[in-house]
$ cat protein.cif   # mmCIF, C-alpha atoms
data_query
loop_
_atom_site.label_atom_id
_atom_site.label_comp_id
_atom_site.auth_asym_id
_atom_site.auth_seq_id
_atom_site.Cartn_x
_atom_site.Cartn_y
_atom_site.Cartn_z
CA VAL S 139 108.59 54.97 23.32
CA ASP S 140 111.58 57.33 23.06
CA HIS S 141 109.42 60.13 24.47
CA TRP S 142 108.57 58.11 27.58
CA VAL S 143 112.19 57.00 27.98
CA ARG S 144 113.24 60.66 28.05
CA ILE S 145 110.50 61.40 30.56
CA GLY S 146 111.69 58.56 32.80
CA LEU S 147 115.30 59.71 32.67
CA ALA S 148 114.34 63.34 33.25
CA ALA S 149 112.12 62.35 36.19
CA ALA S 150 114.94 60.40 37.82
CA ALA S 151 117.42 63.24 37.28
CA THR S 152 114.93 65.80 38.61
CA ALA S 153 114.23 63.76 41.75
CA TYR S 154 117.98 63.36 42.30
CA CYS S 155 118.59 67.10 41.96
CA TRP S 156 115.71 67.95 44.28
CA GLN S 157 117.10 65.71 47.01
CA GLY S 158 120.45 67.39 46.46
CA TRP S 159 118.79 70.79 46.90
CA TYR S 160 117.14 69.54 50.09
CA HIS S 161 120.51 68.51 51.50
CA GLY S 162 122.28 71.69 50.36
CA ASP S 163 124.28 70.27 47.44
CA VAL S 164 125.46 73.21 45.32
CA ALA S 165 126.19 71.25 42.12
CA LEU S 166 122.86 69.43 42.09
CA THR S 167 121.00 72.64 42.88
CA ALA S 168 122.80 74.35 39.98
CA ALA S 169 121.59 71.59 37.64
CA LEU S 170 118.06 71.51 39.07
CA PRO S 171 116.31 74.10 36.84
CA PHE S 172 117.72 72.51 33.68
CA VAL S 173 116.69 68.93 34.41
CA HIS S 174 113.33 70.00 35.85
CA TRP S 175 112.71 71.99 32.66
CA ILE S 176 113.35 68.90 30.52
CA LEU S 177 110.91 66.87 32.63
CA ALA S 178 108.21 69.52 32.63
CA ALA S 179 108.66 70.41 28.96
CA HIS S 180 108.02 66.77 28.05
CA THR S 181 105.04 66.34 30.34
CA CYS S 182 103.04 69.27 31.75
CA HIS S 183 102.57 71.18 28.49
CA GLU S 184 101.48 68.06 26.62
CA ALA S 185 99.32 66.91 29.54
CA THR S 186 97.37 70.18 29.70
CA HIS S 187 96.64 69.77 25.99
CA SER S 188 95.61 66.11 26.66
CA THR S 189 98.23 64.90 24.17
CA LEU S 190 100.71 63.23 26.52
CA SER S 191 98.62 60.11 27.00
CA THR S 192 95.28 58.64 25.94
CA ASN S 193 94.62 58.09 29.65
CA GLU S 194 92.98 61.17 31.19
CA HIS S 195 94.30 60.32 34.65
CA VAL S 196 97.89 60.24 33.38
CA ASN S 197 97.35 63.64 31.76
CA TYR S 198 95.80 65.08 34.91
CA TRP S 199 98.53 64.06 37.31
CA LEU S 200 101.53 64.67 35.06
CA GLN S 201 100.49 68.25 34.42
CA PHE S 202 101.64 68.89 38.00
CA THR S 203 105.28 68.33 36.98
CA ALA S 204 105.15 72.08 36.37
CA HIS S 205 105.10 72.46 40.16
CA PRO S 206 106.78 73.76 42.22
CA ILE S 207 108.98 76.16 40.21
CA MET S 208 107.58 76.49 36.65
CA PHE S 209 103.91 77.46 36.91
CA ASN S 210 100.74 76.69 38.82
CA VAL S 211 98.58 74.45 36.61
CA PHE S 212 95.25 75.89 37.73
CA VAL S 213 96.33 79.41 36.76
CA TRP S 214 98.01 78.20 33.58
CA ILE S 215 95.04 76.41 32.00
CA PRO S 216 92.70 79.40 31.42
CA GLN S 217 95.43 81.75 30.24
CA HIS S 218 97.20 79.24 28.00
CA LEU S 219 94.46 77.05 26.55
CA ILE S 220 91.60 79.54 26.42
CA SER S 221 93.31 82.89 25.97
CA HIS S 222 96.71 82.39 24.34
CA HIS S 223 95.97 79.52 21.97
CA GLN S 224 92.80 81.05 20.58
CA TYR S 225 93.92 84.68 20.32
CA THR S 226 97.69 84.56 19.89
CA ASN S 227 99.35 87.99 20.08
CA ASP S 228 96.02 89.82 20.24
CA PRO S 229 96.58 92.41 23.00
CA ASN S 230 92.85 92.58 23.64
CA LEU S 231 92.41 88.85 24.26
CA ASP S 232 95.78 87.10 24.72
CA VAL S 233 96.75 87.49 28.38
CA ASP S 234 100.32 86.40 27.61
CA VAL S 235 100.90 89.77 25.96
CA HIS S 236 100.49 91.43 29.36
CA HIS S 237 102.58 89.26 31.69
CA PHE S 238 105.54 91.65 31.65
CA ALA S 239 103.53 94.90 31.97
CA PRO S 240 104.31 97.75 31.84
CA ALA S 241 106.68 96.37 29.17
CA LEU S 242 105.00 96.23 25.77
CA LEU S 243 105.10 92.91 23.90
CA SER S 244 102.90 93.90 20.97
CA GLN S 245 103.24 96.83 18.61
CA GLU S 246 99.46 97.27 18.88
CA GLN S 247 99.67 98.21 22.57
CA PRO S 248 99.63 101.84 23.68
CA PRO S 249 102.59 102.69 25.94
CA LEU S 250 101.95 102.42 29.69
CA ASP S 251 105.06 104.47 30.48
CA PRO S 252 105.95 106.86 27.65
CA ASP S 253 109.01 108.25 29.45
CA ALA S 254 111.04 105.07 30.09
CA ASN S 255 112.16 102.09 28.01
CA ARG S 256 110.33 99.23 29.67
CA GLY S 257 112.38 96.73 27.72
CA TRP S 258 114.47 96.67 30.90
CA THR S 259 111.34 95.69 32.83
CA PHE S 260 111.01 92.67 30.56
CA ALA S 261 114.68 91.83 31.15
CA TRP S 262 114.47 91.74 34.96
CA LYS S 263 111.00 90.21 35.10
CA GLY S 264 112.29 87.50 32.77
CA MET S 265 114.58 86.40 35.59
CA LEU S 266 111.68 86.12 38.07
CA THR S 267 108.88 84.79 35.88
CA SER S 268 108.30 81.58 37.77
CA LEU S 269 107.73 83.44 41.06
CA GLY S 270 104.86 85.15 39.28
CA THR S 271 103.38 82.02 37.74
CA CYS S 272 103.78 79.86 40.87
CA ILE S 273 103.18 82.34 43.71
CA LEU S 274 101.91 85.80 42.74
CA GLN S 275 99.29 84.86 40.15
CA PRO S 276 97.54 82.19 42.26
CA MET S 277 97.82 84.42 45.35
CA ARG S 278 95.77 87.08 43.59
CA THR S 279 92.91 84.60 43.28
CA LEU S 280 93.22 83.55 46.91
CA LEU S 281 93.20 87.17 48.06
CA ASP S 282 90.66 88.42 45.47
CA SER S 283 93.14 91.07 44.34
CA THR S 284 93.79 92.63 40.94
CA THR S 285 96.76 92.25 38.62
CA PRO S 286 99.18 95.22 38.81
CA ASN S 287 98.53 97.75 36.01
CA PHE S 288 95.00 96.35 35.54
CA ASP S 289 91.57 96.81 37.12
CA GLU S 290 90.93 93.07 37.48
CA ASN S 291 92.67 89.76 37.95
CA ILE S 292 93.68 88.72 34.42
CA THR S 293 94.96 85.28 35.51
CA PRO S 294 91.96 83.57 37.17
CA ILE S 295 91.50 79.86 37.78
CA PRO S 296 88.77 77.55 36.38
CA HIS S 297 85.42 77.89 38.15
CA GLY S 298 85.52 74.24 39.16
CA VAL S 299 88.70 74.71 41.22
CA SER S 300 88.14 75.80 44.82
CA LYS S 301 90.41 78.16 46.69
CA ALA S 302 91.26 75.33 49.06
CA THR S 303 92.44 73.18 46.14
CA LEU S 304 94.42 76.10 44.75
CA ALA S 305 96.08 76.73 48.12
CA LEU S 306 96.98 73.03 48.41
CA SER S 307 98.53 73.10 44.93
CA MET S 308 100.72 76.01 46.03
CA ALA S 309 102.12 74.20 49.07
CA PRO S 310 105.19 72.75 47.25
CA SER S 311 106.08 76.20 45.90
CA PHE S 312 105.85 77.76 49.35
CA PHE S 313 108.04 74.96 50.70
CA VAL S 314 110.74 75.71 48.09
CA LEU S 315 110.43 79.39 48.94
CA THR S 316 110.86 78.99 52.70
CA TYR S 317 112.83 75.78 53.39
CA PRO S 318 116.35 77.17 52.71
CA LEU S 319 115.71 80.04 55.13
CA PHE S 320 114.91 77.69 58.00
CA ALA S 321 117.34 74.89 57.17
CA PHE S 322 120.50 76.77 56.14
CA LEU S 323 120.29 80.49 56.87
CA PRO S 324 121.46 80.28 60.54
CA SER S 325 124.54 78.20 59.71
CA ASP S 326 125.46 79.22 56.13
CA PRO S 327 123.79 82.39 54.81
CA ALA S 328 125.54 82.23 51.42
CA LEU S 329 124.38 78.67 50.81
CA ALA S 330 120.88 79.57 51.97
CA ALA S 331 120.78 82.47 49.51
CA PHE S 332 121.86 80.24 46.63
CA LEU S 333 119.32 77.53 47.48
CA GLU S 334 116.65 80.17 47.90
CA VAL S 335 117.26 82.16 44.72
CA TRP S 336 118.75 79.94 42.02
CA PRO S 337 115.90 77.44 41.44
CA TRP S 338 113.52 80.34 40.75
CA VAL S 339 115.91 82.49 38.74
CA GLY S 340 117.31 79.55 36.78
CA MET S 341 113.88 78.25 35.82
CA SER S 342 112.65 81.76 35.02
CA MET S 343 115.50 82.44 32.60
CA ILE S 344 114.97 79.09 30.89
CA TRP S 345 111.21 79.67 30.74
CA THR S 346 111.59 83.16 29.28
CA ALA S 347 114.10 82.05 26.64
CA MET S 348 112.15 78.96 25.61
CA THR S 349 108.64 80.39 25.56
CA GLN S 350 108.71 84.11 24.85
CA THR S 351 110.95 83.81 21.78
CA SER S 352 108.15 81.88 20.05
CA HIS S 353 105.81 84.86 19.67
CA ILE S 354 107.41 88.15 20.74
CA GLN S 355 108.94 88.97 17.40
CA GLN S 356 108.54 91.68 14.77
CA GLN S 357 107.73 89.07 12.13
CA CYS S 358 105.10 87.45 14.37
CA GLN S 359 102.94 90.52 14.88
CA ARG S 360 99.32 90.09 13.86
CA ILE S 361 98.22 90.87 10.33
CA PRO S 362 94.92 92.78 10.61
CA GLY S 363 91.99 90.58 9.68
CA MET S 364 94.05 87.39 9.25
CA ALA S 365 92.52 85.56 12.20
CA ASP S 366 89.03 86.54 11.01
CA THR S 367 89.50 84.99 7.56
CA ASP S 368 91.83 82.06 8.28
CA TRP S 369 92.44 81.13 11.92
CA ASN S 370 95.10 78.52 11.09
CA ALA S 371 97.08 80.95 8.95
CA GLY S 372 96.92 83.45 11.79
CA GLN S 373 98.36 80.85 14.19
CA VAL S 374 101.20 80.03 11.81
CA GLU S 375 102.16 83.63 11.14
CA THR S 376 102.14 84.72 14.81
CA SER S 377 104.58 81.95 15.85
CA LEU S 378 108.32 81.49 15.32
CA ASP S 379 110.15 78.22 14.63
CA TYR S 380 113.88 77.42 14.75
CA SER S 381 116.21 74.42 14.49
CA THR S 382 113.26 72.50 13.10
CA ALA S 383 115.32 69.59 11.73
CA SER S 384 117.08 68.97 15.06
CA PRO S 385 115.79 66.14 17.28
CA PHE S 386 118.08 67.49 20.01
CA TRP S 387 116.43 70.92 20.09
CA THR S 388 112.98 69.36 19.84
CA ALA S 389 113.82 67.38 22.99
CA VAL S 390 115.45 70.31 24.82
CA THR S 391 112.61 72.74 24.06
CA GLY S 392 109.80 70.25 24.47
CA GLY S 393 108.76 70.92 20.88
CA LEU S 394 108.61 74.69 21.31
CA ASN S 395 111.14 75.02 18.48
CA THR S 396 108.24 74.10 16.16
CA GLN S 397 105.74 76.39 17.84
CA SER S 398 103.69 77.21 14.75
CA LEU S 399 102.99 73.53 14.10
CA HIS S 400 101.95 73.11 17.72
CA HIS S 401 99.57 76.06 17.46
CA VAL S 402 97.93 74.62 14.35
CA LEU S 403 97.76 71.09 15.80
CA PRO S 404 97.67 71.48 19.60
CA ASN S 405 96.04 68.04 19.88
CA VAL S 406 99.16 66.27 18.54
CA CYS S 407 102.05 65.39 20.87
CA MET S 408 105.29 67.22 20.12
CA SER S 409 107.18 63.91 19.81
CA HIS S 410 105.66 63.57 16.33
CA PHE S 411 106.66 67.04 15.11
CA PRO S 412 110.10 66.21 13.63
CA ASP S 413 108.48 63.66 11.31
CA MET S 414 105.65 66.02 10.36
CA TYR S 415 107.44 69.32 9.90
CA ARG S 416 108.61 69.04 6.29
CA GLU S 417 105.13 68.12 5.05
CA TYR S 418 103.68 70.90 7.19
CA GLU S 419 106.00 73.42 5.52
CA GLU S 420 104.95 72.17 2.08
CA ILE S 421 101.26 72.53 2.93
CA CYS S 422 101.79 76.08 4.19
CA ALA S 423 103.76 77.01 1.06
CA LYS S 424 101.06 75.53 -1.17
CA HIS S 425 98.46 77.80 0.44
CA GLY S 426 100.63 80.91 0.57
CA VAL S 427 101.06 80.91 4.35
CA ASN S 428 104.43 82.17 5.57
CA VAL S 429 106.11 80.01 8.22
CA ARG S 430 108.16 82.35 10.42
CA GLN S 431 111.61 80.94 11.15
CA SER S 432 114.92 81.80 12.76
CA ALA S 433 118.20 79.90 12.61
CA ASN S 434 118.33 78.83 16.25
CA LEU S 435 117.39 79.77 19.80
CA ALA S 436 120.21 82.32 20.05
CA THR S 437 119.13 84.24 16.93
CA ALA S 438 115.50 84.05 18.04
CA THR S 439 116.42 85.48 21.44
CA VAL S 440 118.44 88.33 19.94
CA SER S 441 115.62 89.30 17.57
CA MET S 442 113.10 89.11 20.44
CA TYR S 443 115.07 91.54 22.62
CA ASP S 444 115.69 93.83 19.66
CA PHE S 445 111.94 93.99 18.99
CA ILE S 446 111.04 94.53 22.65
CA PHE S 447 113.49 97.39 23.17
CA ARG S 448 112.42 99.06 19.92
CA ILE S 449 108.69 99.09 20.68
CA ASN S 450 109.37 100.21 24.25
CA GLU S 451 111.50 103.15 23.13
CA PRO S 452 110.25 106.30 24.93
CA LYS S 453 108.05 108.52 22.76
CA SER S 454 110.15 111.56 23.62
CA LYS S 455 113.24 109.89 22.15
CA ASN S 456 111.38 108.69 19.06
CA SER S 457 110.19 112.23 18.37
CA GLN S 458 113.65 113.75 18.47
#
$ encode --input "protein.cif" --output "structure tokens"
Amino acid sequence: VDHWVRIGLAAAATAYCWQGWYHGDVALTAALPFVHWILAAHTCHEATHSTLSTNEHVNYWLQFTAHPIMFNVFVWIPQHLISHHQYTNDPNLDVDVHHFAPALLSQEQPPLDPDANRGWTFAWKGMLTSLGTCILQPMRTLLDSTTPNFDENITPIPHGVSKATLALSMAPSFFVLTYPLFAFLPSDPALAAFLEVWPWVGMSMIWTAMTQTSHIQQQCQRIPGMADTDWNAGQVETSLDYSTASPFWTAVTGGLNTQSLHHVLPNVCMSHFPDMYREYEEICAKHGVNVRQSANLATATVSMYDFIFRINEPKSKNSQ
């Protein structure tokens, strides 16, 4: 019940902020990415895993709360459910490892640019992530184009989704991308720029902080052979948890603060994780599986950036 109450409140707040954005309200636009994140984190992720509701129609329609500024659902499903959840942190099979290319996110990857530290590429792409997930990735399917740095499109859509359906699903994102230019640019260029840029940049920074910290860590790198002998142990040890005893951070992150538990039990709604986590830790300890943890989101973010900049260090500098 509490989960649905939070969803209702977040939905009302998100709708209120979107109407403020439409009318050019600076304060409500500033709040928009934060409240929309809370709504989407409680709904779309769970819905795509079919854990939000026992009603398949509720799950289907509420997955679209990711639109228009978080990700396109039809692009998300293959890369998240099929690629990432089965082959976490495997650079050969987990497409998430390649979203910030040419930045390296795994120590198993060969460098794409040996002469520059592409950690900075991760930093600036992290502020534009949602433009990629909402616009660029689905556009590649519509245009039959390849992903930059690759010979194919690594973010396809399910075969059962037509290009017409995909294009229709992108319409709200294109509206957010173009409306401020038509409605406000002639009379107030500064306001138009803020309404144009902030929803995307704000959501992208939140998305990057909340999601990438869960796996892009030194301590979460794959142990050779682990996934072949014990898939569950491999999921636990390639994920990072933090603030696990905090109901507040479970609500704010949509359960991503207990990512390893989600990866082991993706068919359980995150609203149950606070009650399950202690027993989960005990089971892992009993079987000698190491649960990777950090103190909080800030420490997890610092360690993530430290790892990224270290593995992206130019070879020429490393050899000196």
$ residues_near_point --input "protein.cif" --point "(125.5, 72.1, 42.0)" --cutoff "12 Å" --atoms "only C-alpha atoms" --output "list in words"
Tyr154, Cys155, Trp156, Gln157, Gly158, Trp159, Tyr160, His161, Gly162, Asp163, Val164, Ala165, Leu166, Thr167, Ala168, Ala169, Leu170, Pro171, Phe172, Leu329, Phe332, Leu333, Trp336 and Pro337 of chain S
$ closest_residue --input "protein.cif" --among "S:Leu378, S:Ala151, S:Leu315, S:Ala389" --to "His180 in chain S" --atoms "all atoms listed in the file"
S:Ala389
$ residues_around --input "protein.cif" --residues "His223 in chain S" --least-positions-apart "3" --cutoff "9 Å" --atoms "all atoms listed in the file" --output "PyMOL selection string"
chain S and resi 217-220+226+232+373+401+404
$ residues_around --input "protein.cif" --residues "range 425-437 of chain S" --least-positions-apart "3" --cutoff "7 Å" --atoms "all atoms listed in the file" --output "PDB file with C-alpha atoms, in the coordinates of the input"
ATOM      1  CA  GLN S 357     107.730  89.070  12.130  1.00  0.00           C
ATOM      2  CA  ALA S 371      97.080  80.950   8.950  1.00  0.00           C
ATOM      3  CA  VAL S 374     101.200  80.030  11.810  1.00  0.00           C
ATOM      4  CA  GLU S 375     102.160  83.630  11.140  1.00  0.00           C
ATOM      5  CA  SER S 377     104.580  81.950  15.850  1.00  0.00           C
ATOM      6  CA  LEU S 378     108.320  81.490  15.320  1.00  0.00           C
ATOM      7  CA  ASP S 379     110.150  78.220  14.630  1.00  0.00           C
ATOM      8  CA  TYR S 380     113.880  77.420  14.750  1.00  0.00           C
ATOM      9  CA  SER S 381     116.210  74.420  14.490  1.00  0.00           C
ATOM     10  CA  ILE S 421     101.260  72.530   2.930  1.00  0.00           C
ATOM     11  CA  CYS S 422     101.790  76.080   4.190  1.00  0.00           C
ATOM     12  CA  VAL S 440     118.440  88.330  19.940  1.00  0.00           C
ATOM     13  CA  SER S 441     115.620  89.300  17.570  1.00  0.00           C
TER      14      SER S 441
END
$ residues_near_point --input "protein.cif" --point "(102.3, 75.6, 41.0)" --cutoff "8 Å" --atoms "all atoms listed in the file" --output "PyMOL selection string"
chain S and resi 202+204-212+271-273+307-308+310-311
$ atom_distance --input "protein.cif" --atom1 "CA of Val299 in chain S" --atom2 "CA of His237 in chain S"
22.3 Å
$ resolve_selection --input "protein.cif" --expression "the PyMOL selection byres ((chain S and resi 199) around 12)" --output "PyMOL selection string"
chain S and resi 181-182+184-186+188+190-191+193-198+200-205+211+307
$ resolve_selection --input "protein.cif" --expression "the PyMOL selection byres ((chain S and resi 256-262) around 6)" --output "NGL selection string"
:S and (238 or 241 or 254-255 or 263-265 or 446-447 or 450)
$ resolve_selection --input "protein.cif" --expression "the PyMOL selection byres ((chain S and resi 415) around 12)" --output "PyMOL selection string"
chain S and resi 379-385+388+393+395-400+402-403+408-414+416-422+429
$ closest_residue --input "protein.cif" --among "S:Ala328, S:Leu243, S:Leu147, S:Val213" --to "Asn291 in chain S" --atoms "only C-alpha atoms"
S:Val213
$ atom_distance --input "protein.cif" --atom1 "CA of Ala309 in chain S" --atom2 "CA of Gln275 in chain S"
14.2 Å
$ atom_distance --input "protein.cif" --atom1 "CA of Phe445 in chain S" --atom2 "CA of Gln355 in chain S"
6.1 Å
$ residues_around --input "protein.cif" --residues "Ile215 in chain S" --least-positions-apart "5" --cutoff "10 Å" --atoms "only C-alpha atoms" --output "list in words"
His183, Thr186, His187, Asn210, Ile220, Ser221, His222, Thr293, Pro294, Ile295 and Pro296 of chain S
$ closest_residue --input "protein.cif" --among "S:Met277, S:His297, S:Ile292, S:Thr439" --to "Leu231 in chain S" --atoms "only C-alpha atoms"
S:Ile292
$ closest_residue --input "protein.cif" --among "S:Pro452, S:Phe386, S:Thr316, S:Met442" --to "Ser244 in chain S" --atoms "only C-alpha atoms"
S:Met442
$ closest_residue --input "protein.cif" --among "S:Leu394, S:Leu266, S:Ala305, S:Leu274" --to "Met348 in chain S" --atoms "only C-alpha atoms"
S:Leu394
$ closest_residue --input "protein.cif" --among "S:Phe320, S:Ala347, S:Lys301, S:Leu177" --to "Asp282 in chain S" --atoms "all atoms listed in the file"
S:Lys301
$ residues_around --input "protein.cif" --residues "His174 in chain S" --least-positions-apart "4" --cutoff "8 Å" --atoms "all atoms listed in the file" --output "JSON, numbers by chain"
{"S": [148, 149, 152, 170, 178]}
